[in-house]
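Peer 1: Quick one: the structure is below, and I'll ask about it shortly.
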Amino acid sequence: MSKFDQAKMLMQMRKVQKELQKEVIRAEAGDGAVTVDINGEMKIKNISIDPEAVDLDDIGQLENWVEEAVKAAMEQSQKLAAEKMQPMMGSLGNLGM
C-alpha cells in the first residue's frame, strides 16, 4: 500500500469517526421508564428517567432498567461503528496490522 493510499485511508477513518460522533442511538428499558442516548463512539450523552414510571420502593428495578438501557445502547453503538468501519477493514491488512 502506497503512502498516498495510507493517507487516503486515514482521512476516511477520520471522516467515519466524525460521523460516529454525530450519530445518536437511543435505547429504552422498563417500557420507556429509562432512556439512554449514546453516540457512535459509545459516549453517553443523556440518561432520562420518567419519575411517573418509577416505584421508589423498588430502586433495584430502576437500577436494572438503567443497566439494560445502557447495555442495549452500547451494543447498538458497537454495531453501528462496525458497519461504518467495515468497508475499510479489508485495507487495514495491507498496513501490516
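Each chain in the C-alpha cells gets a letter, A, B and so on, in the order shown; residues start at 1 in every chain, and ligands are counted from 1 in the order they appear.
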Could you tell me, as an MDAnalysis selection string, which residues of chain A DSSP assigns to strand (DSSP E) when given the backbone?
Peer 2: chainID A and resid 24:29 34:39 44:49
Peer 1: When you look at Lys18 (chain A) with a cut-off of 12 Å (counting only C-alpha atoms), what residues show up, excluding the ones that are within fewer than 2 positions of it in the same chain? I need them as a PyMOL selection string.
Peer 2: chain A and resi 11-16+20-23+39-41+81+84
Peer 1: For N, CA and C atoms, I'd like the residues from the last selection saved as a PDB file, in the first residue's frame.
Peer 2:
ATOM      1  N   MET A  11      -7.680   9.477   6.194  1.00  0.00           N
ATOM      2  CA  MET A  11      -8.694  10.515   6.022  1.00  0.00           C
ATOM      3  C   MET A  11     -10.098   9.909   6.073  1.00  0.00           C
ATOM      4  N   GLN A  12     -10.277   8.742   5.467  1.00  0.00           N
ATOM      5  CA  GLN A  12     -11.577   8.075   5.504  1.00  0.00           C
ATOM      6  C   GLN A  12     -11.941   7.677   6.939  1.00  0.00           C
ATOM      7  N   MET A  13     -10.960   7.188   7.681  1.00  0.00           N
ATOM      8  CA  MET A  13     -11.204   6.777   9.059  1.00  0.00           C
ATOM      9  C   MET A  13     -11.588   7.978   9.916  1.00  0.00           C
ATOM     10  N   ARG A  14     -10.926   9.098   9.708  1.00  0.00           N
ATOM     11  CA  ARG A  14     -11.274  10.313  10.461  1.00  0.00           C
ATOM     12  C   ARG A  14     -12.683  10.780  10.120  1.00  0.00           C
ATOM     13  N   LYS A  15     -13.061  10.656   8.861  1.00  0.00           N
ATOM     14  CA  LYS A  15     -14.398  11.045   8.435  1.00  0.00           C
ATOM     15  C   LYS A  15     -15.442  10.168   9.132  1.00  0.00           C
ATOM     16  N   VAL A  16     -15.192   8.870   9.162  1.00  0.00           N
ATOM     17  CA  VAL A  16     -16.114   7.944   9.823  1.00  0.00           C
ATOM     18  C   VAL A  16     -16.196   8.262  11.309  1.00  0.00           C
ATOM     19  N   LEU A  20     -19.505   9.138  13.443  1.00  0.00           N
ATOM     20  CA  LEU A  20     -19.911   8.394  14.625  1.00  0.00           C
ATOM     21  C   LEU A  20     -20.139   9.316  15.822  1.00  0.00           C
ATOM     22  N   GLN A  21     -19.365  10.388  15.908  1.00  0.00           N
ATOM     23  CA  GLN A  21     -19.552  11.347  16.990  1.00  0.00           C
ATOM     24  C   GLN A  21     -20.929  12.006  16.913  1.00  0.00           C
ATOM     25  N   LYS A  22     -21.431  12.175  15.696  1.00  0.00           N
ATOM     26  CA  LYS A  22     -22.708  12.859  15.485  1.00  0.00           C
ATOM     27  C   LYS A  22     -23.919  11.927  15.609  1.00  0.00           C
ATOM     28  N   GLU A  23     -23.698  10.639  15.386  1.00  0.00           N
ATOM     29  CA  GLU A  23     -24.797   9.670  15.466  1.00  0.00           C
ATOM     30  C   GLU A  23     -25.278   9.538  16.909  1.00  0.00           C
ATOM     31  N   ASN A  39     -23.662   8.107  21.703  1.00  0.00           N
ATOM     32  CA  ASN A  39     -23.237   8.363  20.326  1.00  0.00           C
ATOM     33  C   ASN A  39     -22.512   7.151  19.760  1.00  0.00           C
ATOM     34  N   GLY A  40     -22.105   7.266  18.509  1.00  0.00           N
ATOM     35  CA  GLY A  40     -21.453   6.158  17.824  1.00  0.00           C
ATOM     36  C   GLY A  40     -20.078   5.810  18.362  1.00  0.00           C
ATOM     37  N   GLU A  41     -19.560   6.655  19.248  1.00  0.00           N
ATOM     38  CA  GLU A  41     -18.278   6.361  19.898  1.00  0.00           C
ATOM     39  C   GLU A  41     -18.484   5.785  21.297  1.00  0.00           C
ATOM     40  N   ALA A  81     -20.773   1.298  14.630  1.00  0.00           N
ATOM     41  CA  ALA A  81     -19.359   1.559  14.334  1.00  0.00           C
ATOM     42  C   ALA A  81     -18.786   0.467  13.437  1.00  0.00           C
ATOM     43  N   LYS A  84     -20.001   0.985   9.874  1.00  0.00           N
ATOM     44  CA  LYS A  84     -19.358   2.133   9.218  1.00  0.00           C
ATOM     45  C   LYS A  84     -17.895   1.835   8.881  1.00  0.00           C
TER      46      LYS A  84
END
Peer 1: Which of chain A end up as helix (DSSP H, G or I) when DSSP is run on this backbone - answer as a ChimeraX atom specification?
Peer 2: /A:3-22,51-53,59-95
Peer 1: Considering only C-alpha atoms, can you say which of A:Ile59, A:Val24, A:Leu10, A:Ala29 comes closest to Ala72 (chain A)?
Peer 2: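 Result for the nearest residue to Ala72 (chain A): A:Ala29.
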Peer 1: Find the residues near region 46-52 of chain A: any atom within 12 Å, counting only C-alpha atoms, skip ones fewer than 3 places away on the same chain, and give them as a short mmCIF file (atom, residue, chain, number, x, y, z; two decimals) with C-alpha atoms, in the first residue's frame.
Peer 2:
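As written to disk, out13.cif reads:
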data_model
loop_
_atom_site.label_atom_id
_atom_site.label_comp_id
_atom_site.auth_asym_id
_atom_site.auth_seq_id
_atom_site.Cartn_x
_atom_site.Cartn_y
_atom_site.Cartn_z
CA VAL A 24 -27.14 9.31 18.44
CA ILE A 25 -28.56 5.96 19.43
CA ARG A 26 -31.47 5.75 21.84
CA ALA A 27 -32.28 2.70 23.92
CA GLU A 28 -35.10 2.25 26.40
CA ALA A 29 -35.91 -0.11 29.24
CA GLY A 30 -38.88 -0.57 31.53
CA ASP A 31 -41.38 0.37 28.81
CA GLY A 32 -39.72 3.76 28.43
CA ALA A 33 -39.10 4.38 32.14
CA VAL A 34 -35.39 4.75 31.37
CA THR A 35 -34.00 6.19 28.15
CA VAL A 36 -30.30 6.32 27.26
CA ASP A 37 -28.82 8.36 24.42
CA ILE A 38 -25.32 7.38 23.34
CA ASN A 39 -23.24 8.36 20.33
CA MET A 42 -20.09 4.78 22.87
CA LYS A 43 -20.15 8.02 24.86
CA ASP A 55 -41.50 2.88 42.09
CA LEU A 56 -39.27 4.42 44.74
CA ILE A 59 -34.88 1.04 43.42
CA LEU A 62 -34.72 1.11 38.39
CA GLU A 63 -31.07 0.09 38.58
CA TRP A 65 -33.57 -0.73 33.81
CA VAL A 66 -30.66 1.70 33.70
CA GLU A 67 -28.22 -1.18 33.22
CA ALA A 69 -30.75 0.53 28.61
CA VAL A 70 -27.02 1.32 28.80
CA ALA A 73 -27.32 1.41 23.66
#
